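Peer 1: This one is start_18.txt, compact mmCIF, C-alpha atoms and all ligand atoms.
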```txt
# COMPACT_ATOMS: atom_id res chain seq x y z
CA MET N 1 53.15 11.33 21.59
CA ALA N 2 52.21 11.02 17.94
CA GLU N 3 49.09 12.92 16.91
CA VAL N 4 46.48 10.88 15.04
CA VAL N 5 43.57 12.67 13.37
CA ILE N 6 40.45 10.86 12.28
CA ILE N 7 38.14 12.77 9.95
CA GLY N 8 34.55 11.56 10.41
CA GLY N 9 32.83 10.61 13.65
CA GLY N 10 30.57 7.95 12.15
CA ALA N 11 30.65 4.21 12.72
CA SER N 12 34.10 3.53 11.29
CA GLY N 13 35.67 6.73 12.64
CA MET N 14 34.53 6.11 16.23
CA ALA N 15 35.74 2.49 16.08
CA ALA N 16 39.06 3.67 14.63
CA ALA N 17 39.47 6.31 17.36
CA ILE N 18 38.91 3.79 20.16
CA ALA N 19 41.38 1.36 18.60
CA ALA N 20 43.99 4.04 17.89
CA ALA N 21 43.86 5.30 21.48
CA GLU N 22 44.04 1.83 23.00
CA SER N 23 47.83 1.57 23.33
CA GLY N 24 48.07 4.98 25.01
CA GLU N 25 50.98 5.89 22.72
CA HIS N 26 49.02 8.36 20.62
CA HIS N 27 46.83 11.35 21.10
CA VAL N 28 43.74 10.99 18.90
CA THR N 29 41.59 13.85 17.60
CA LEU N 30 38.25 12.80 16.13
CA ILE N 31 36.83 15.51 13.89
CA GLU N 32 33.11 15.46 13.05
CA ARG N 33 31.33 17.82 10.67
CA GLN N 34 27.93 17.52 12.34
CA ALA N 35 27.05 18.79 15.79
CA ARG N 36 27.31 15.30 17.29
CA VAL N 37 29.08 12.07 16.42
CA GLY N 38 27.18 9.07 15.07
CA ARG N 39 24.08 10.82 13.77
CA LYS N 40 23.53 8.33 10.94
CA LEU N 41 23.95 5.42 13.33
CA LEU N 42 20.79 6.48 15.15
CA SER N 43 18.72 5.94 12.00
CA THR N 44 20.16 2.55 11.12
CA GLY N 45 17.97 -0.54 11.14
CA ASN N 46 14.85 1.63 11.44
CA GLY N 47 16.20 3.03 14.68
CA ARG N 48 17.18 -0.42 15.98
CA CYS N 49 20.69 -0.60 14.43
CA ASN N 50 21.40 -3.93 12.80
CA LEU N 51 25.04 -3.75 13.83
CA THR N 52 26.45 -6.92 12.32
CA ASN N 53 25.55 -10.32 10.89
CA LEU N 54 26.76 -13.66 12.21
CA GLU N 55 26.19 -15.42 8.88
CA LEU N 56 28.73 -13.21 7.10
CA LYS N 57 30.30 -14.48 3.90
CA ILE N 58 32.62 -12.56 1.62
CA GLU N 59 29.89 -12.89 -1.05
CA ASN N 60 27.86 -10.38 0.97
CA PHE N 61 30.33 -7.66 -0.03
CA HIS N 62 30.71 -5.87 -3.33
CA GLY N 63 33.00 -3.48 -5.16
CA GLU N 64 35.64 -3.82 -7.87
CA ASN N 65 37.60 -6.16 -5.59
CA PRO N 66 35.50 -7.45 -2.66
CA ALA N 67 38.42 -9.72 -1.64
CA PHE N 68 40.09 -6.54 -0.35
CA ALA N 69 37.70 -6.71 2.62
CA GLN N 70 38.58 -10.31 3.51
CA TYR N 71 41.47 -9.61 5.87
CA ALA N 72 39.68 -6.95 7.91
CA LEU N 73 36.51 -9.04 8.11
CA SER N 74 38.45 -12.11 9.26
CA LEU N 75 40.54 -10.23 11.82
CA TRP N 76 37.49 -8.37 13.08
CA SER N 77 34.91 -11.09 12.52
CA PRO N 78 31.32 -10.40 13.62
CA GLU N 79 32.01 -12.43 16.79
CA ARG N 80 35.07 -10.34 17.64
CA VAL N 81 33.22 -7.13 16.85
CA LEU N 82 30.55 -8.25 19.31
CA GLU N 83 33.28 -8.88 21.93
CA PHE N 84 34.51 -5.34 21.31
CA PHE N 85 31.00 -4.04 21.91
CA ALA N 86 30.47 -6.32 24.92
CA GLU N 87 33.60 -4.81 26.49
CA LEU N 88 32.05 -1.39 25.96
CA GLY N 89 28.94 -2.67 27.77
CA LEU N 90 26.57 -3.43 24.89
CA MET N 91 24.22 -6.39 25.14
CA THR N 92 22.87 -7.77 21.87
CA VAL N 93 20.34 -10.23 20.44
CA THR N 94 20.59 -12.25 17.26
CA GLU N 95 17.54 -12.50 15.05
CA TYR N 96 16.65 -14.39 11.85
CA GLY N 97 19.35 -14.53 9.22
CA GLY N 98 22.08 -13.84 11.79
CA ARG N 99 21.15 -10.16 12.13
CA VAL N 100 22.39 -8.70 15.41
CA TYR N 101 20.64 -5.84 17.22
CA PRO N 102 21.16 -4.20 20.61
CA LEU N 103 19.11 -5.92 23.32
CA SER N 104 17.49 -2.55 24.04
CA ASN N 105 16.20 -2.50 20.42
CA GLN N 106 17.47 1.06 20.27
CA ALA N 107 20.31 2.34 18.10
CA THR N 108 21.06 4.86 20.83
CA SER N 109 22.52 2.05 22.95
CA VAL N 110 25.15 1.37 20.28
CA LEU N 111 26.02 5.03 20.01
CA ASP N 112 26.05 5.48 23.80
CA VAL N 113 28.62 2.74 24.40
CA LEU N 114 30.80 4.09 21.59
CA ARG N 115 30.63 7.54 23.14
CA PHE N 116 31.64 6.01 26.51
CA GLY N 117 34.54 4.30 24.71
CA LEU N 118 35.68 7.67 23.38
CA GLU N 119 35.88 9.12 26.89
CA LYS N 120 39.63 8.71 27.27
CA PRO N 121 42.27 11.24 28.26
CA ASN N 122 44.10 10.71 24.98
CA ILE N 123 41.02 11.27 22.76
CA SER N 124 39.76 14.75 21.88
CA LEU N 125 36.54 15.34 20.03
CA LEU N 126 36.05 18.25 17.65
CA ALA N 127 32.36 18.18 16.67
CA GLY N 128 30.69 20.73 14.41
CA THR N 129 33.94 20.96 12.47
CA GLY N 130 33.88 20.15 8.76
CA VAL N 131 37.36 19.54 7.39
CA GLU N 132 37.77 21.49 4.17
CA SER N 133 41.25 20.54 3.03
CA VAL N 134 44.21 18.33 3.85
CA ARG N 135 47.77 18.99 2.66
CA LYS N 136 50.77 16.77 3.09
CA LYS N 137 53.55 18.82 4.69
CA GLY N 138 56.76 16.82 4.85
CA LYS N 139 55.96 13.82 7.01
CA SER N 140 52.89 15.39 8.57
CA PHE N 141 49.42 16.43 7.43
CA HIS N 142 47.98 19.95 7.62
CA ILE N 143 44.22 19.84 8.16
CA SER N 144 42.07 22.95 7.73
CA TRP N 145 38.49 23.89 8.44
CA GLU N 146 36.64 27.18 8.64
CA GLY N 147 38.38 29.17 11.35
CA GLY N 148 41.00 26.61 12.29
CA SER N 149 43.65 24.09 11.39
CA MET N 150 45.93 21.51 12.96
CA GLU N 151 48.76 19.17 12.09
CA CYS N 152 49.07 15.46 12.66
CA ASP N 153 51.46 12.59 12.06
CA LYS N 154 48.87 10.04 10.97
CA LEU N 155 45.53 10.60 9.32
CA ILE N 156 42.51 8.31 8.99
CA VAL N 157 39.80 9.38 6.55
CA ALA N 158 36.48 7.94 7.77
CA CYS N 159 34.06 10.37 6.12
CA GLY N 160 31.63 7.71 4.84
CA GLY N 161 29.91 7.84 1.47
CA CYS N 162 27.37 10.17 -0.09
CA ALA N 163 24.33 7.98 0.62
CA GLY N 164 21.82 9.14 3.23
CA SER N 165 22.55 12.80 2.57
CA LYS N 166 19.88 13.96 5.03
CA LEU N 167 21.83 12.12 7.72
CA GLY N 168 25.18 13.55 6.72
CA GLY N 169 26.27 11.66 3.62
CA VAL N 170 28.62 13.94 1.68
CA MET N 171 31.33 13.83 -0.99
CA ASP N 172 34.01 15.19 1.38
CA GLY N 173 35.89 11.94 1.99
CA TYR N 174 36.22 11.25 -1.73
CA ASN N 175 37.40 14.82 -2.37
CA ILE N 176 39.95 14.78 0.45
CA LEU N 177 41.42 11.46 -0.68
CA LYS N 178 41.42 12.57 -4.32
CA SER N 179 43.30 15.73 -3.35
CA LEU N 180 45.96 13.48 -1.83
CA GLY N 181 46.40 11.53 -5.07
CA HIS N 182 43.85 8.71 -4.77
CA SER N 183 41.34 7.65 -7.42
CA ARG N 184 37.70 6.75 -7.16
CA THR N 185 35.38 4.35 -8.97
CA SER N 186 31.89 5.37 -10.16
CA LEU N 187 29.33 5.86 -7.39
CA TYR N 188 25.81 4.36 -7.35
CA PRO N 189 23.07 4.51 -4.75
CA SER N 190 22.54 1.08 -3.20
CA LEU N 191 20.07 -0.44 -0.75
CA THR N 192 17.38 1.88 -2.01
CA GLN N 193 13.91 1.92 -3.52
CA ILE N 194 13.55 0.87 -7.15
CA ARG N 195 11.30 3.21 -9.11
CA THR N 196 8.90 1.70 -11.63
CA LYS N 197 6.01 2.84 -13.78
CA PRO N 198 3.58 3.85 -11.05
CA GLU N 199 0.17 2.38 -11.97
CA ILE N 200 0.64 -1.14 -10.61
CA PRO N 201 2.62 -0.42 -7.41
CA ARG N 202 0.45 2.59 -6.58
CA SER N 203 -2.67 0.41 -6.57
CA MET N 204 -1.01 -1.72 -3.86
CA LYS N 205 0.66 1.16 -1.98
CA GLY N 206 1.48 0.19 1.59
CA VAL N 207 0.99 -3.56 1.00
CA LYS N 208 3.93 -5.66 2.22
CA VAL N 209 4.45 -9.16 0.87
CA GLN N 210 7.02 -11.91 1.02
CA ALA N 211 8.04 -12.49 -2.59
CA GLY N 212 10.68 -13.68 -4.98
CA VAL N 213 11.93 -10.96 -7.34
CA LYS N 214 13.92 -11.27 -10.54
CA ALA N 215 15.61 -8.26 -12.11
CA ALA N 216 16.06 -8.58 -15.86
CA LYS N 217 17.24 -6.48 -18.77
CA GLY N 218 15.64 -7.71 -21.98
CA LYS N 219 15.92 -11.47 -21.76
CA LYS N 220 18.98 -11.37 -19.52
CA LEU N 221 18.46 -12.21 -15.85
CA LEU N 222 20.56 -9.72 -13.88
CA ALA N 223 19.93 -10.84 -10.31
CA GLU N 224 17.27 -12.42 -8.16
CA GLY N 225 16.34 -12.53 -4.52
CA SER N 226 13.63 -13.22 -2.04
CA GLY N 227 12.29 -11.41 1.01
CA ASP N 228 10.09 -8.53 2.12
CA LEU N 229 8.72 -6.32 -0.62
CA LEU N 230 6.75 -3.15 -0.01
CA PHE N 231 4.68 -1.40 -2.68
CA ALA N 232 4.98 2.38 -2.77
CA ASP N 233 3.70 5.28 -4.85
CA ASN N 234 6.36 5.16 -7.53
CA GLY N 235 7.94 1.76 -7.12
CA VAL N 236 8.91 -0.87 -4.61
CA SER N 237 11.15 -1.11 -1.56
CA GLY N 238 11.90 -3.68 1.15
CA THR N 239 14.89 -5.91 1.77
CA VAL N 240 14.67 -7.92 -1.44
CA VAL N 241 14.40 -4.74 -3.50
CA PHE N 242 17.26 -3.06 -1.61
CA GLU N 243 19.49 -5.97 -2.46
CA LEU N 244 18.68 -5.76 -6.17
CA SER N 245 19.00 -1.97 -6.30
CA ARG N 246 22.78 -1.94 -6.80
CA THR N 247 22.51 -4.21 -9.86
CA VAL N 248 19.58 -2.29 -11.29
CA ALA N 249 21.32 1.07 -10.77
CA LYS N 250 24.40 -0.17 -12.60
CA ALA N 251 22.44 -1.81 -15.44
CA GLY N 252 20.87 1.51 -16.53
CA GLU N 253 17.74 1.80 -18.68
CA GLY N 254 15.52 -1.02 -19.89
CA CYS N 255 15.28 -3.12 -16.72
CA ALA N 256 12.20 -4.83 -15.33
CA LEU N 257 11.28 -6.62 -12.13
CA ASP N 258 9.26 -9.86 -12.12
CA ILE N 259 7.51 -10.44 -8.81
CA ASP N 260 6.64 -13.98 -7.76
CA PHE N 261 3.91 -14.01 -5.11
CA PHE N 262 4.01 -17.82 -4.83
CA GLU N 263 7.70 -18.57 -4.42
CA ASN N 264 7.14 -22.06 -3.06
CA MET N 265 4.62 -23.17 -5.67
CA GLU N 266 4.98 -24.02 -9.33
CA LYS N 267 2.68 -22.24 -11.74
CA ALA N 268 0.73 -25.49 -12.24
CA ALA N 269 -0.05 -25.62 -8.51
CA VAL N 270 -1.21 -21.99 -8.54
CA LYS N 271 -3.50 -22.80 -11.49
CA LYS N 272 -4.91 -25.78 -9.66
CA TYR N 273 -5.64 -23.57 -6.66
CA LEU N 274 -7.41 -20.99 -8.86
CA PHE N 275 -9.55 -23.63 -10.59
CA ALA N 276 -10.53 -25.00 -7.16
CA ARG N 277 -11.53 -21.51 -5.97
CA LYS N 278 -13.54 -20.92 -9.15
CA THR N 279 -15.43 -24.19 -8.61
CA ALA N 280 -15.98 -23.51 -4.90
CA ARG N 281 -17.28 -19.92 -5.37
CA PRO N 282 -18.45 -19.48 -8.97
CA MET N 283 -20.53 -16.35 -8.22
CA ALA N 284 -17.78 -14.55 -6.24
CA PRO N 285 -16.18 -11.58 -8.02
CA ALA N 286 -12.93 -12.41 -9.82
CA ARG N 287 -10.95 -10.10 -7.50
CA GLU N 288 -11.67 -12.56 -4.67
CA ILE N 289 -10.17 -15.57 -6.42
CA PHE N 290 -6.84 -15.06 -4.61
CA SER N 291 -8.53 -14.15 -1.30
CA GLY N 292 -7.26 -17.09 0.73
CA ALA N 293 -3.69 -16.58 -0.43
CA LEU N 294 -2.89 -12.95 -1.17
CA HIS N 295 -3.73 -9.46 0.11
CA SER N 296 -7.05 -8.33 -1.45
CA ARG N 297 -5.36 -5.42 -3.26
CA VAL N 298 -2.82 -7.78 -4.81
CA GLY N 299 -5.69 -9.95 -6.11
CA LEU N 300 -7.34 -6.85 -7.54
CA ALA N 301 -4.10 -5.66 -9.16
CA LEU N 302 -3.55 -9.08 -10.75
CA CYS N 303 -7.05 -9.01 -12.27
CA LYS N 304 -6.38 -5.56 -13.75
CA TYR N 305 -2.94 -6.67 -14.95
CA VAL N 306 -4.44 -9.47 -17.06
CA GLY N 307 -7.18 -7.14 -18.29
CA ILE N 308 -10.32 -8.66 -16.76
CA ASN N 309 -13.16 -6.95 -14.98
CA PRO N 310 -12.48 -7.65 -11.27
CA GLU N 311 -16.22 -7.67 -10.58
CA SER N 312 -17.08 -10.35 -13.14
CA PRO N 313 -18.00 -13.70 -11.54
CA CYS N 314 -15.32 -16.37 -11.24
CA ALA N 315 -17.54 -18.70 -13.28
CA GLU N 316 -16.80 -16.55 -16.34
CA LEU N 317 -13.00 -16.96 -16.04
CA SER N 318 -11.91 -19.11 -18.98
CA PRO N 319 -9.01 -21.59 -18.68
CA ALA N 320 -6.88 -19.10 -20.67
CA ILE N 321 -7.66 -16.33 -18.15
CA ILE N 322 -6.91 -18.64 -15.21
CA ASP N 323 -3.59 -19.43 -16.90
CA ALA N 324 -2.87 -15.70 -17.35
CA LEU N 325 -3.72 -15.00 -13.69
CA ALA N 326 -1.38 -17.78 -12.55
CA SER N 327 1.38 -16.43 -14.82
CA ALA N 328 0.88 -12.92 -13.45
CA ALA N 329 0.99 -14.18 -9.86
CA LYS N 330 4.28 -15.95 -10.62
CA ALA N 331 5.83 -13.04 -12.54
CA LEU N 332 4.09 -9.69 -12.20
CA ARG N 333 6.20 -7.44 -14.39
CA LEU N 334 7.06 -3.89 -13.29
CA GLU N 335 8.94 -1.71 -15.78
CA VAL N 336 11.85 -0.02 -13.98
CA THR N 337 12.32 3.72 -14.45
CA GLY N 338 15.36 4.06 -12.16
CA VAL N 339 16.39 3.84 -8.54
CA SER N 340 15.93 6.43 -5.81
CA GLY N 341 18.90 8.74 -5.41
CA PHE N 342 21.65 8.97 -2.83
CA GLU N 343 19.36 10.93 -0.53
CA SER N 344 17.29 7.90 0.37
CA ALA N 345 19.91 5.20 -0.33
CA GLN N 346 21.37 3.42 2.70
CA VAL N 347 24.77 2.91 1.18
CA THR N 348 27.04 4.06 -1.63
CA ALA N 349 28.25 1.41 -4.05
CA GLY N 350 31.68 2.38 -5.38
CA GLY N 351 34.23 4.59 -3.69
CA MET N 352 37.97 5.05 -3.36
CA ALA N 353 39.91 2.43 -5.33
CA THR N 354 40.89 -0.33 -2.91
CA ALA N 355 43.92 -1.30 -5.05
CA GLU N 356 45.57 1.87 -3.66
CA PHE N 357 45.29 0.71 -0.02
CA ASN N 358 46.91 -2.11 1.92
CA PRO N 359 44.15 -4.54 2.98
CA LYS N 360 46.13 -5.62 6.05
CA THR N 361 46.46 -2.12 7.50
CA MET N 362 44.11 0.15 5.50
CA GLU N 363 47.15 2.38 4.86
CA SER N 364 47.47 4.19 1.57
CA LYS N 365 50.01 2.77 -0.88
CA ILE N 366 50.41 6.29 -2.27
CA VAL N 367 50.76 8.47 0.84
CA PRO N 368 52.49 6.92 3.88
CA SER N 369 50.66 7.41 7.21
CA LEU N 370 47.34 8.04 5.45
CA TYR N 371 44.55 5.51 6.12
CA ALA N 372 40.93 5.13 5.04
CA CYS N 373 38.10 2.99 6.35
CA GLY N 374 34.35 2.43 6.03
CA GLU N 375 32.04 3.37 3.23
CA VAL N 376 34.40 5.90 1.62
CA LEU N 377 36.24 2.89 0.19
CA ASP N 378 34.90 0.89 -2.76
CA ILE N 379 33.31 -1.80 -0.58
CA ASP N 380 29.59 -2.07 0.11
CA GLY N 381 27.59 -4.82 1.70
CA ASP N 382 24.18 -6.43 1.42
CA CYS N 383 21.26 -5.48 3.61
CA GLY N 384 21.46 -7.21 7.01
CA GLY N 385 24.18 -5.56 9.09
CA TYR N 386 27.00 -6.04 6.60
CA ASN N 387 27.71 -2.37 6.00
CA LEU N 388 28.16 -1.58 9.66
CA GLN N 389 30.23 -4.76 10.04
CA TRP N 390 32.52 -3.40 7.31
CA ALA N 391 32.62 0.00 9.03
CA TRP N 392 33.60 -1.54 12.41
CA ALA N 393 36.07 -4.05 10.96
CA SER N 394 37.89 -1.60 8.69
CA GLY N 395 37.80 1.14 11.34
CA LEU N 396 39.20 -1.11 14.07
CA LEU N 397 41.88 -2.37 11.68
CA ALA N 398 42.88 1.16 10.59
CA GLY N 399 42.90 2.44 14.18
CA GLY N 400 44.88 -0.58 15.37
CA SER N 401 47.36 -0.17 12.52
CA VAL N 402 48.34 3.40 13.33
C1 LIG A 1 18.84 5.08 6.89
C2 LIG A 1 20.01 4.15 6.95
C3 LIG A 1 19.89 2.94 7.61
C4 LIG A 1 20.97 2.06 7.66
N1 LIG A 1 20.84 0.90 8.37
C5 LIG A 1 21.88 0.05 8.45
C6 LIG A 1 21.81 -1.12 9.25
O1 LIG A 1 20.82 -1.36 9.97
N2 LIG A 1 22.87 -1.97 9.24
C7 LIG A 1 24.00 -1.71 8.51
O2 LIG A 1 24.93 -2.52 8.53
N3 LIG A 1 24.13 -0.57 7.79
C8 LIG A 1 23.11 0.31 7.76
N4 LIG A 1 23.24 1.47 7.05
C9 LIG A 1 24.55 1.78 6.41
C10 LIG A 1 25.57 2.25 7.46
O3 LIG A 1 24.97 3.22 8.30
C11 LIG A 1 26.81 2.85 6.79
O4 LIG A 1 27.33 1.97 5.84
C12 LIG A 1 27.87 3.17 7.85
O5 LIG A 1 27.40 4.12 8.76
C13 LIG A 1 29.15 3.67 7.20
O6 LIG A 1 30.04 4.05 8.22
P1 LIG A 1 31.16 5.15 7.94
O7 LIG A 1 31.83 5.42 9.23
O8 LIG A 1 31.96 4.78 6.77
O9 LIG A 1 30.33 6.43 7.50
P2 LIG A 1 29.27 7.29 8.35
O10 LIG A 1 28.67 6.46 9.42
O11 LIG A 1 28.40 7.92 7.33
O12 LIG A 1 30.15 8.39 9.06
C14 LIG A 1 30.88 9.36 8.34
C15 LIG A 1 30.98 10.57 9.23
O13 LIG A 1 31.91 11.49 8.66
C16 LIG A 1 31.42 12.80 8.84
N5 LIG A 1 32.07 13.67 7.87
C17 LIG A 1 31.90 13.66 6.53
N6 LIG A 1 32.66 14.61 5.97
C18 LIG A 1 33.34 15.23 6.97
C19 LIG A 1 34.27 16.31 7.02
N7 LIG A 1 34.66 16.96 5.93
N8 LIG A 1 34.76 16.69 8.23
C20 LIG A 1 34.38 16.05 9.38
N9 LIG A 1 33.48 15.04 9.37
C21 LIG A 1 32.97 14.62 8.18
C22 LIG A 1 29.92 12.65 8.64
O14 LIG A 1 29.20 13.72 9.19
C23 LIG A 1 29.65 11.31 9.34
O15 LIG A 1 29.32 11.47 10.70
C24 LIG A 1 22.19 2.39 7.01
C25 LIG A 1 22.32 3.62 6.37
C26 LIG A 1 21.24 4.49 6.33
C27 LIG A 1 21.41 5.83 5.64
```
Transcribe the structure of this file into structure tokens.

Peer 2:
Amino acid sequence: MAEVVIIGGGASGMAAAIAAAESGEHHVTLIERQARVGRKLLSTGNGRCNLTNLELKIENFHGENPAFAQYALSLWSPERVLEFFAELGLMTVTEYGGRVYPLSNQATSVLDVLRFGLEKPNISLLAGTGVESVRKKGKSFHISWEGGSMECDKLIVACGGCAGSKLGGVMDGYNILKSLGHSRTSLYPSLTQIRTKPEIPRSMKGVKVQAGVKAAKGKKLLAEGSGDLLFADNGVSGTVVFELSRTVAKAGEGCALDIDFFENMEKAAVKKYLFARKTARPMAPAREIFSGALHSRVGLALCKYVGINPESPCAELSPAIIDALASAAKALRLEVTGVSGFESAQVTAGGMATAEFNPKTMESKIVPSLYACGEVLDIDGDCGGYNLQWAWASGLLAGGSV
């Protein structure tokens, strides 16, 4: 029986272990640094685990060569991944935008069925064991950790990325693969909060809106999106922000975000609305002019942004001020100071160079019998279940290939 070792008991490593053990021809050892497998999985999707997305397109994936992911994502499409989970006993529901969650609404259900899937006579689990080094020894691999070592014929590196460090994100996978001759692209935190000058977001801290957001550097539009946006102490978060965070992180200094609170209205229509409110309630304070449309603290922030006294009566708002308020509501500018670090990022953009792996097997082109899968590779997905979909698809492909 060939010995297969998988380093990393996260999403991709567990999927790879189940697939590698399937034929019964191999003995599989899954090595996990933390006390238990799948710790990060429990925190995904705010504890609900958005495990895949049925509206997947290759455009949802990023990296130096996103096309690398195409084969794995077609072979292990979201539908087939859900069949894999259904066989393990997981029931799921599909929500808006094709996002799939466990029916129980609890990430633990996803982890539980994976753990059941790992209960096979030809799978051994070594938890609480952080691999420190891997050496190629003839045709086999010598794997060492504090107080122990073992050899194997085939090795899958599924150590994830360095995002979510509190949940176990580390540099180990990159370092192990580098030590075996592989190269890595630059790493950036992605799906994370964007930090901005604090005054404006702080005044709306805790307010959640549905908005359009444009990220720009100087006059150049970098990216745009639409969705939930949450104001925080030092910036903004929420799905639309998460999706822009990769671009903003890569663009460096000098970026800004323009927030559109009225995505489905032209500025002229917003102006018309404001004039109508002014006429209807001339003695109401200016901060209430947006009352029927926006959160009260957003209205207040917009008044301050254009430099008017929020307590002055609407009757005193000149056409030029109404125009400025409408402009601000269509493009409230926040100066970006950076993005939150890897600690709070959901995913790592960048990783091991995919050109050095075979997309049809996930095997290294440099070291035979070495495989990699999941976030450690230079593939990252949008918010919405795409990162776990990549972890399952690449893990199942790697495990099936050995
Ligand atoms: C808070 C949060 C929420 C998220 N929510 C979602 C979501 O809802 N949907 C979605 O699609 N994606 C989500 N993601 C992203 C998703 O969790 C990851 O992309 C995915 O888990 C990557 O899978 P992986 O197997 O490559 O890595 P991981 O799941 O990170 O697993 C890697 C494993 O390797 C272990 N390891 C590392 N080094 C060693 C070593 N030297 N020896 C032994 N073991 C080692 C780690 O402890 C870890 O358990 C979220 C991420 C975070 C942080």

Peer 1: When distances are computed from only C-alpha atoms, which of N:Val248, N:Ala324, N:Leu388, N:Leu118 shows the smallest separation from N:Val100?

Peer 2: N:Leu388

Peer 1: Measure the distance from atom CA of N:Thr52 to atom CA of N:Gln389 in Å and round it to one decimal.

Peer 2: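 That distance, rounded to one decimal, is 4.9 Å.
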
Peer 1: Would you mind listing what lies within 7 Å of N:Gln346 as a compact mmCIF listing (two decimals) with C-alpha atoms, in the frame of the given file, with only C-alpha atoms counted and same-chain residues fewer than 3 positions away left out?

Peer 2:
```
# COMPACT_ATOMS: atom_id res chain seq x y z
CA ALA N 163 24.33 7.98 0.62
CA GLY N 164 21.82 9.14 3.23
CA SER N 190 22.54 1.08 -3.20
CA LEU N 191 20.07 -0.44 -0.75
CA THR N 192 17.38 1.88 -2.01
```

Peer 1: For a quick check of understanding, using all atoms listed in the file, which of N:Gly381, N:Gly374, N:Gly399, N:Gly238 has the smallest distance to ligand LIG 1 (chain A)?

Peer 2: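 So, comparing all the options, the nearest one is N:Gly374.
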
Peer 1: Scan for residues within 6 Å of the point (44.6, 12.3, 12.1) in the coordinates of the file, using all atoms listed in the file, and reply as a PDB file with C-alpha atoms, in the coordinates of the input.

Peer 2:
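Written out: result_31.pdb:
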```
ATOM      1  CA  VAL N   4      46.480  10.880  15.040  1.00  0.00           C
ATOM      2  CA  VAL N   5      43.570  12.670  13.370  1.00  0.00           C
ATOM      3  CA  ILE N   6      40.450  10.860  12.280  1.00  0.00           C
ATOM      4  CA  CYS N 152      49.070  15.460  12.660  1.00  0.00           C
ATOM      5  CA  LYS N 154      48.870  10.040  10.970  1.00  0.00           C
ATOM      6  CA  LEU N 155      45.530  10.600   9.320  1.00  0.00           C
ATOM      7  CA  ILE N 156      42.510   8.310   8.990  1.00  0.00           C
TER       8      ILE N 156
END
```

Peer 1: Go through N:Ser318, N:Thr247, N:Ser77, N:Ser226 one by one, measure the shortest atom-to-atom distance of each to N:Phe275 using only C-alpha atoms, and give the residue with the smallest value.

Peer 2: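 Of all the options, N:Ser318 lies closest to N:Phe275.
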
Peer 1: Expressed in Å to a single decimal, how great is the separation between atom CA of N:Ala2 and atom CA of N:Gly160?

Peer 2: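 Atom CA of N:Gly160 lies at a distance of 24.6 Å from atom CA of N:Ala2.
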
Peer 1: Can you work out the spacing between atom CA of N:Asp260 and atom CA of N:Gly227 in Å, to one decimal?

Peer 2: 10.7 Å

Peer 1: Give the centre and edge lengths of an axis-aligned box, in Å to one decimal, that holds all listed atoms of ligand LIG 1 (chain A) with 4 Å on each side, as AutoDock Vina command-line options.

Peer 2:
```
--center_x 26.8 --center_y 7.2 --center_z 8.2 --size_x 23.9 --size_y 27.5 --size_z 13.1
```

Peer 1: Name the closest residue to ligand LIG 1 (chain A) among the candidates N:Gly24, N:Gly212, N:Pro78, N:Gly206; distances are taken between atoms, counting only C-alpha atoms and all ligand atoms.

Peer 2: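 Closest to ligand LIG 1 (chain A) of all the choices is N:Pro78.
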
Peer 1: Calculated over all atoms listed in the file, which of the candidates N:Leu90, N:Ala326, N:Ala127, N:Cys159 has the smallest distance to ligand LIG 1 (chain A)?

Peer 2: N:Cys159

Peer 1: Write out as a ChimeraX atom specification which residues come within 12 Å of N:Met204 when counting all atoms listed in the file, dropping same-chain ones fewer than 6 positions away.

Peer 2: /N:198,229-236,294-302,304
